Structure formats: structure tokens, C-alpha cells
Amino acid sequence: MTAQILFDFFVFPGIVFTAVLGLLAGWVDRKVSARFQYRVGPPLFQNFNDVFKLLGKETILVKTGNRWLFIAAPLAGFAVLSLAATSVGTALFFGRAAGMDLIVLMYLLMFYSVLIVLGGASPGNVFSSLGAGREVKLLLADELPFILACLVPVVRSGYKLDFGAILAYQAGHGMLVASVSGAVAFVVALLAVQAKMALPPFHIPEAETELVAGPFIEYGGPLLAFWKLNQFMMLVVFPFLLILLFWGGFDLRGLGLLWGILKYLLILVLIIIIKNTNPRVRTDTAIAFFWKYLSPLALAAVVLAVLGV
Amino acid sequence: MSQTVVPIGPFHPLLEEAEFFRLSVDGETVTGIDTDIGYMHRGHEFISERKTFTQSIFLVERICGICSTSHPLAFVHAVEDVDNVEIPVRAAYIRTVVGELERIHSHLLWLGLAGHFIGYDTLWMWAWKYREPILEIFETITGNRNHYAMMRVGGVARDVPPEAVPPLLKTLDMIERKMAMIAKAAADDPVLRSRLKGVGVLSRQAAIDYCAVGPTARASGLAIDVRKDEPKDAYALVDFKAIVLENGDVYDKLVVRVLEIIESIKIVRQCLEKLKTAPGPILNDVKEVTAGEGIGRYEAPRGEVFHYVRTDGSNRPLRHKVRAPSYVNIPTCEVSCKGIPLADALITLASVDPCYCCTERAVHLVDARGVRITPDLLQLSRDKTERLRRDIHG
């Protein structure tokens, strides 16, 4: 039992699997983006090289601010995302969910954003403080529609928060995204996920041409490598979560594997397309977008789900 | 209340070159801006007074890598102005072709950078992809992608042979189609529009007060364009219109530039058609420049560039003064950036298409106690003018 838990967390579908798949997904992202822009794009192992190179560099700490928090934030973020990946992965592939349900997962994902804020606020740099402030605003903006959208599968599967129940419902009644409430909730969740990953058009916190690197500006070497790895791992955690909630799960046997990979690639490419066809929005526009338009839409989806459509 | 200062520069991803803007912010709202120039001083005017007129053309070409034909053009206008030299008609057409092609590539460069500044990297790469054929045309005509060395006092250095014209026209047709596409994509994109509309407004009055020039002024409803106001070279012989818009926001500055690209293509096409048949030499050889003074103006992509030359009958300028368009355009940010969010202020800073290399030929040093240790440049300049007057009038 213990060996099983350790394997789940460290190897599959936890740290090793998520990190490797995340780095490959990051390559797909960079390559597809490059083709969008008539560029060549990086070779397959570029992301691996980048992360390993950063891991081998010196750790430089700033004199000001809270050092303990500065070092702890990226490592805690890595742990949080590994845990989230383990829970989503085990639920998706083995139906075990590593003892966690949707509430715990939402908590973990929100905690990751809080860690970015803490890490960014700790050195006291003006750019990273502004970036951390923007991350708070973005979190406030996207959290409500995201939670509402995630409620739809819960409601449809008979008010169960358990991943197994959501998958079982979809196995019996077909994918949720094929229904009206499910489709609306999926669109809302996809846009909220874009903001949670801080990808364009919501790369407000780390806006390169405004805040240079935002919360991450003082990071370098291994600590930066962990932030980078975290961002790549999110490219696995969030699409898997969307597959679990709306696209009827991921079967490892036979044709199911092919379907699963196709679903994953579809969501990844959707994210990349949104990323490459929009300029960065302002913070107030982002908040207005999520609160004025997406939240009512998500609420409507929940009402439709209660009605059983 | 204590104010936070966001240092944009001297090195920052927003700036292609070294420059320093101190933005005072309250939360994310910009309350004040302090511009500090002087990181790129290279002493061009000083060097120019030690070179012959022909050598100076190559020197002023290197004031700026983007307007590398506007500065030489204004300079040769200034030297020709001393003796009222007429240039051959074929040379006039070639000058206009090079000048307008430069405007196209400069505006495309800005469009791409503006896309990058608002986090739209796809627009960046697309704009620069279509800038590439323009640079290839340059290479065909002048032998270089940049720094063309085409201008001479009294004409141009190289001819564009009539048989080279048809392939150039073909490339131009292709570019015009792509430009129409980009103009549509950039001007009709709802996200881009909502991001830039009403941002960083420069009113007509403020544009007049700050002496804004070029697209920055024309987007604020100020119809000034040296090509129209004082047509030199072939500008009186071709048909085009100056683009003037009313709102003065970043969106209008973008639209002005995009429409100007299309106008420039029109001008280049007309000139190339004329070059098929226009007869004559390309250089009216100027043997000597008499004592006197001359001014040269040219509408660079960023606005009016102004060169002043005083000569004493020798083969080099006694005094050479340059005023680049960004020098007057950058201060307009004081008005247009005040009271708007940081995210808007930065694209507003970039919207005047600032060219720091052009701007900076002045520096002063301040010691640790804040006391200025170099003499006042304005005073130095006035002293020198007085000295020159004495020398000339005895």
C-alpha cells in the first residue's frame, strides 16, 4: 500500500510522469506557437536542456525581504502541483484519486496562486511586488467562474464531489461536454484555466514588456528552474482535469489510449490557439470579463445542470 | 503619501535602446513621468564638423539605424540649400523611392514592436515577416538592407536601371496585398481595438504645445507633413495624401501608420513607373560649397527631421546641428501618460515610436552632491554661435 502511494506520487502519474509530459507539452506549445508566427521553433529537448541548465546554476538571494519565503515558495509550489497531478492522474487512469476529491484539488490549485503571490512579494522589488499584486487580482477574477464551472459536473453526477462518481456518471450517460450545461461550463473553465496558468491573453502578472518578469524577476538558478517546471506541469494538470470533468475520462486500454491522447492534444491546441491570437488584456478588463460575462454564464450553466439539461 | 517609482530603464524589455523613464505610480495609476535621456551620446555633430560633406553623409546615416536615409536626405537638402543646387529629375525620383521604402519598413517595424509591447507576439512576427521583402528591395536597389549610402550632395550615388523596375513593381504588388490584409487584421481586431482605443490621448492643443511632429501629431488632428508643406525631391510630382486622424489615442497612431504604409506604396509605384522612362544623369556634381548657411527638412517616418549647416567655403561644415523628431515627441508622454494605468502608460510611451539614437546628442554630468559639473549645453551652444558670428562678420 505504502509502495503504491509512493509510486503514485513520485513516478506515475505523479512527479516524473507529469514533469516529463509537461516539458514535452511545453515543446508542443513553443513549436505550434512558432509555426503560427512563421518561425522554426525549438528542438524537442530544448525545455529539458533549459531546466537542467538552470538547475546547475548558482542560487542568488537578494539582501532585502523575506529569504525563507523566497526559497520556500517555488519548492512548495512544486509539491502542491505534484500532489494535484497525482490526484487527477490516479483518478483519471486508475479511479483511485489518491484519497482526494474536487474540494481538495480546488484548494491545492488556489494555494499554488497564493504561493506565486508570496514568492513574488518576498524580495520587495517594485516589479515583483506589482506582479504579485496583479496575481492576486487575477486570482480573484478567475476563481469564481472556475468554481462555478466545476460545479456543473458535480451537480450532474448527483451532487457528488468524488472524481470516481463524476467519471462513472459520464461512463453511463456520455461525455458532459456533449450536453448544453457541460459545453458552456467547459468553455468557461477553459478560459479560467488560461488565466490560472497566466498564459496570454492573461499573462498580466509577468507581462514581459511592462513588469519584465513580474513575481519571478528576482529568481534565478535552481529556484527559477522549479518555477519553470511548475508552469510546464500546469500544462498537464489542467488539461487532465478538464478531460476528467467534461470529456469523459482517459482509458489506458486499447483504443481508449488513442482517444485520451487526442482529447489531451485537442485541449492543449485550444489553449495554444487562444494564447497566440490575443494581445494581453488590462487587469481591469480581465476582472470585468470574468465577473461580468463568464460568471453569469457559469451560473446559467449550473442552473441548466440542476434542470438536467 | 509616499510614491512608488517604477523604473522603466535604462535597460528594460520595453526599450530597444538605453533610456530612462521614471514613472511615479499610485497603485497602478501613473501620476507622473520623469524622462532622462543621454545614454546614447556619440558626438555626431562634433565629428561632423571635422569631416568633408561627402564623408558626413555616411556619418549622419549612422545617427539612426532605422531612419538611415532620412538623416542623410535632410543633410544633403541643407548643403544644397546653401547654394540652391538643383538636382536632376531622375535623382529626385530615386531619392523619393528610397525615402518612402524606408517609411514602409520603419512603420512595419513599429507595428511589430507595438504588438510585442501589448503581448501580441503573433502580430509582431507577422509584421516583421512582411518587412523582409522591403529590405530585399533595398538590397536590390542599393546593395544593402540598411544604411543605403544612396544620397549625395546634388543627386544620388547609384542608378536604378529601367530593366530592374518591373520585378520591383511585382514585389510591390505582393506587399500591397499583404499590407491590406495586415491593415484589416490590425484595425478590425476587436481585442486590439478595445485594448488601444481611447488610451493615452494626446489632444490637438497638447500636440501643438509640445510641438509634436509626424504620425504623433497627425493622429491628434494636426495636419503637418513636410512632404506636403515644403515638397522637395519628387514629392511635388506624385499624387498622395497626408493621413490625418482626430482622436490622438494609441489606436489612431496605429491606424495613421498603417494607412501611411499604403500611401507610401502608392508613391513608390508612381516613382518607379517614372523611372522606366525618366531621362538624364543622377548626379549634379557639386564642386564647391560657398560660405553661407542652409537648412534641410525631411519627413522621416517619426516626423520632421531638421538639419542646419553653416559653411565657410571650405569642404567641411563649420557648424552642423541636428534635430530629430523623437526629441520633441518623447516629451508628449508627460501629458498622454498621466492618470492612466501602468499597462496603458507603457504602450503610450512606445506609441510615439521613440528613437533614442536619433534623439540623443547631449549629455550632462552631475556629481554625488547633485551639482552639475559640466557646463550648460545651451549656454555652450549660444557662446559658440556668438563666436561664429564674430568670425564671419569680422
# chains A, B, ... in the order shown; residues from 1 in each chain; ligands from 1

$ closest_atom_pairs --of "chain A" --to "chain B" --cutoff "6 Å" --atoms "only C-alpha atoms" --output "JSON lines"
{"residue": "A:Gln37", "atom": "CA", "partner": "B:Thr122", "partner_atom": "CA", "distance": 5.3}
{"residue": "A:Thr209", "atom": "CA", "partner": "B:Leu14", "partner_atom": "CA", "distance": 4.8}
{"residue": "A:Pro279", "atom": "CA", "partner": "B:Tyr120", "partner_atom": "CA", "distance": 4.2}
{"residue": "A:Arg280", "atom": "CA", "partner": "B:Gly119", "partner_atom": "CA", "distance": 4.9}

$ select_by_dssp --residues "range 142-301 of chain A" --states "helix (DSSP H, G or I)" --output "MDAnalysis selection string"
chainID A and resid 142:156 163:173 176:178 180:196 208:211 214:216 221:246 255:276 283:301

$ residues_around --residues "range 73-89 of chain A" --least-positions-apart "5" --cutoff "8 Å" --atoms "only C-alpha atoms" --output "number ranges by chain"
A: 8-9, 12-15, 18, 94, 97-100, 105, 108-109, 111-112, 115-116, 118-119, 223-224, 226-227, 229-230, 233-234, 236-237, 240-241, 244

$ residues_around --residues "Asp50 in chain A" --least-positions-apart "5" --cutoff "9 Å" --atoms "only C-alpha atoms" --output "mmCIF file with N, CA and C atoms, in the first residue's frame"
data_model
loop_
_atom_site.group_PDB
_atom_site.id
_atom_site.type_symbol
_atom_site.label_atom_id
_atom_site.label_comp_id
_atom_site.auth_asym_id
_atom_site.auth_seq_id
_atom_site.Cartn_x
_atom_site.Cartn_y
_atom_site.Cartn_z
ATOM 1 N N PHE A 45 14.194 18.615 -27.295
ATOM 2 C CA PHE A 45 14.668 18.543 -25.917
ATOM 3 C C PHE A 45 15.068 19.903 -25.333
ATOM 4 N N LEU A 55 19.129 24.287 -13.261
ATOM 5 C CA LEU A 55 19.366 23.550 -12.016
ATOM 6 C C LEU A 55 20.845 23.579 -11.641
ATOM 7 N N ALA A 225 14.309 27.342 -11.970
ATOM 8 C CA ALA A 225 14.036 26.080 -12.658
ATOM 9 C C ALA A 225 12.749 25.462 -12.114
#

$ atom_distance --atom1 "CA of His77 in chain B" --atom2 "CA of Ile262 in chain B"
25.9 Å

$ residues_around --residues "Thr52 in chain B" --least-positions-apart "2" --cutoff "9 Å" --atoms "only C-alpha atoms" --output "MDAnalysis selection string"
chainID B and resid 48:50 54:57 314:317

$ write_last_selection --atoms "N, CA and C atoms" --output "PDB file, in the first residue's frame"
ATOM      1  N   SER B  48      31.006  65.605 -37.164  1.00  0.00           N
ATOM      2  CA  SER B  48      30.610  66.066 -38.492  1.00  0.00           C
ATOM      3  C   SER B  48      31.391  67.306 -38.906  1.00  0.00           C
ATOM      4  N   GLU B  49      31.709  68.182 -37.936  1.00  0.00           N
ATOM      5  CA  GLU B  49      32.432  69.404 -38.263  1.00  0.00           C
ATOM      6  C   GLU B  49      33.889  69.127 -38.627  1.00  0.00           C
ATOM      7  N   ARG B  50      34.330  67.884 -38.439  1.00  0.00           N
ATOM      8  CA  ARG B  50      35.701  67.508 -38.793  1.00  0.00           C
ATOM      9  C   ARG B  50      35.755  66.604 -40.018  1.00  0.00           C
ATOM     10  N   THR B  54      30.913  65.000 -48.092  1.00  0.00           N
ATOM     11  CA  THR B  54      30.606  63.645 -48.553  1.00  0.00           C
ATOM     12  C   THR B  54      30.799  62.634 -47.431  1.00  0.00           C
ATOM     13  N   GLN B  55      31.854  62.824 -46.621  1.00  0.00           N
ATOM     14  CA  GLN B  55      32.058  61.896 -45.502  1.00  0.00           C
ATOM     15  C   GLN B  55      30.927  62.009 -44.477  1.00  0.00           C
ATOM     16  N   SER B  56      30.446  63.245 -44.285  1.00  0.00           N
ATOM     17  CA  SER B  56      29.400  63.462 -43.293  1.00  0.00           C
ATOM     18  C   SER B  56      28.119  62.707 -43.631  1.00  0.00           C
ATOM     19  N   ILE B  57      27.870  62.512 -44.935  1.00  0.00           N
ATOM     20  CA  ILE B  57      26.661  61.773 -45.323  1.00  0.00           C
ATOM     21  C   ILE B  57      26.683  60.388 -44.691  1.00  0.00           C
ATOM     22  N   SER B 314      34.998  76.207 -47.145  1.00  0.00           N
ATOM     23  CA  SER B 314      35.900  75.057 -47.170  1.00  0.00           C
ATOM     24  C   SER B 314      35.066  73.810 -47.497  1.00  0.00           C
ATOM     25  N   ASN B 315      35.683  72.639 -47.390  1.00  0.00           N
ATOM     26  CA  ASN B 315      34.963  71.430 -47.781  1.00  0.00           C
ATOM     27  C   ASN B 315      34.305  70.733 -46.588  1.00  0.00           C
ATOM     28  N   ARG B 316      34.222  71.438 -45.453  1.00  0.00           N
ATOM     29  CA  ARG B 316      33.543  70.819 -44.315  1.00  0.00           C
ATOM     30  C   ARG B 316      32.651  71.832 -43.609  1.00  0.00           C
ATOM     31  N   PRO B 317      31.597  71.360 -42.920  1.00  0.00           N
ATOM     32  CA  PRO B 317      30.688  72.309 -42.276  1.00  0.00           C
ATOM     33  C   PRO B 317      31.343  72.970 -41.076  1.00  0.00           C
TER      34      PRO B 317
END

$ closest_atom_pairs --of "range 209-250 of chain A" --to "range 155-168 of chain A" --cutoff "10 Å" --atoms "only C-alpha atoms" --output "Markdown table"
| residue | atom | partner | partner_atom | distance |
| --- | --- | --- | --- | --- |
| A:Leu241 | CA | A:Phe163 | CA | 9.9 |
| A:Ile243 | CA | A:Leu167 | CA | 9.9 |
| A:Leu244 | CA | A:Leu167 | CA | 6.8 |
| A:Leu245 | CA | A:Ile166 | CA | 6.9 |
| A:Phe246 | CA | A:Ile166 | CA | 9.0 |
| A:Trp247 | CA | A:Leu167 | CA | 9.2 |
| A:Gly248 | CA | A:Leu167 | CA | 6.2 |
| A:Gly249 | CA | A:Leu167 | CA | 6.3 |
| A:Phe250 | CA | A:Leu167 | CA | 9.5 |

$ write_last_selection --atoms "C-alpha atoms" --output "PDB file, in the first residue's frame"
ATOM      1  CA  LEU A 241      -8.659  17.997 -15.021  1.00  0.00           C
ATOM      2  CA  ILE A 243     -10.742  15.793 -19.526  1.00  0.00           C
ATOM      3  CA  LEU A 244     -11.823  14.327 -16.215  1.00  0.00           C
ATOM      4  CA  LEU A 245     -14.618  16.813 -15.584  1.00  0.00           C
ATOM      5  CA  PHE A 246     -16.015  17.292 -19.086  1.00  0.00           C
ATOM      6  CA  TRP A 247     -14.552  14.857 -21.621  1.00  0.00           C
ATOM      7  CA  GLY A 248     -15.385  11.526 -20.024  1.00  0.00           C
ATOM      8  CA  GLY A 249     -12.012  10.391 -18.713  1.00  0.00           C
ATOM      9  CA  PHE A 250      -8.922   8.702 -20.126  1.00  0.00           C
TER      10      PHE A 250
END

$ residues_around --residues "Gln231 in chain A" --least-positions-apart "6" --cutoff "9 Å" --atoms "only C-alpha atoms" --output "PyMOL selection string"
chain A and resi 22+26+197

$ write_last_selection --atoms "N, CA and C atoms" --output "PDB file, in the first residue's frame"
ATOM      1  N   GLY A  22       4.917  17.357 -19.105  1.00  0.00           N
ATOM      2  CA  GLY A  22       4.788  18.813 -19.102  1.00  0.00           C
ATOM      3  C   GLY A  22       5.849  19.467 -19.959  1.00  0.00           C
ATOM      4  N   GLY A  26       5.193  21.566 -23.200  1.00  0.00           N
ATOM      5  CA  GLY A  26       5.782  22.886 -23.376  1.00  0.00           C
ATOM      6  C   GLY A  26       6.455  23.004 -24.732  1.00  0.00           C
ATOM      7  N   MET A 197      -3.194  29.631 -15.522  1.00  0.00           N
ATOM      8  CA  MET A 197      -1.838  29.325 -15.969  1.00  0.00           C
ATOM      9  C   MET A 197      -1.081  30.600 -16.328  1.00  0.00           C
TER      10      MET A 197
END

$ select_by_dssp --residues "range 152-363 of chain B" --states "strand (DSSP E or B)" --output "PyMOL selection string"
chain B and resi 152+155-156+283+291-300+303-312+317-323+341

$ residues_around --residues "Thr96 in chain B" --least-positions-apart "6" --cutoff "12 Å" --atoms "only C-alpha atoms" --output "mmCIF file with C-alpha atoms, in the first residue's frame"
data_model
loop_
_atom_site.group_PDB
_atom_site.id
_atom_site.type_symbol
_atom_site.label_atom_id
_atom_site.label_comp_id
_atom_site.auth_asym_id
_atom_site.auth_seq_id
_atom_site.Cartn_x
_atom_site.Cartn_y
_atom_site.Cartn_z
ATOM 1 C CA THR B 69 18.086 57.662 -45.206
ATOM 2 C CA SER B 70 16.087 60.476 -43.558
ATOM 3 C CA LEU B 73 18.447 63.306 -47.044
ATOM 4 C CA VAL B 89 14.838 64.749 -62.046
ATOM 5 C CA ARG B 90 15.881 61.100 -62.157
ATOM 6 C CA GLU B 102 12.212 53.452 -45.548
ATOM 7 C CA ARG B 103 8.911 54.761 -44.196
ATOM 8 C CA MET B 150 22.429 56.498 -51.666
ATOM 9 C CA MET B 151 22.423 60.240 -51.035
ATOM 10 C CA GLY B 155 21.889 63.741 -56.516
ATOM 11 C CA VAL B 156 22.192 60.097 -55.676
ATOM 12 C CA ARG B 227 6.275 66.238 -47.792
ATOM 13 C CA PRO B 231 7.693 69.413 -51.183
ATOM 14 C CA LYS B 232 11.233 68.636 -52.286
ATOM 15 C CA ASP B 233 12.644 65.871 -54.474
ATOM 16 C CA ALA B 234 9.775 64.181 -56.311
ATOM 17 C CA TYR B 235 7.030 64.855 -53.762
ATOM 18 C CA ALA B 236 5.545 67.675 -55.834
ATOM 19 C CA LEU B 237 5.385 65.332 -58.838
ATOM 20 C CA VAL B 238 3.496 62.434 -57.274
ATOM 21 C CA SER B 264 3.874 55.134 -49.395
ATOM 22 C CA ILE B 265 3.386 52.083 -51.593
ATOM 23 C CA LYS B 266 1.386 54.328 -53.950
ATOM 24 C CA ILE B 267 4.200 56.897 -54.052
ATOM 25 C CA VAL B 268 6.878 54.265 -54.684
ATOM 26 C CA ARG B 269 4.851 52.763 -57.513
ATOM 27 C CA GLN B 270 4.386 56.138 -59.231
ATOM 28 C CA CYS B 271 8.099 56.916 -58.917
ATOM 29 C CA LEU B 272 9.155 53.512 -60.247
ATOM 30 C CA LYS B 274 8.546 57.299 -63.964
ATOM 31 C CA LEU B 275 11.983 55.733 -63.546
ATOM 32 C CA TYR B 298 12.579 65.874 -44.426
ATOM 33 C CA GLU B 299 9.566 63.971 -43.169
ATOM 34 C CA ALA B 300 11.217 60.967 -41.501
#

$ atom_distance --atom1 "CA of Thr283 in chain A" --atom2 "CA of His203 in chain A"
9.8 Å
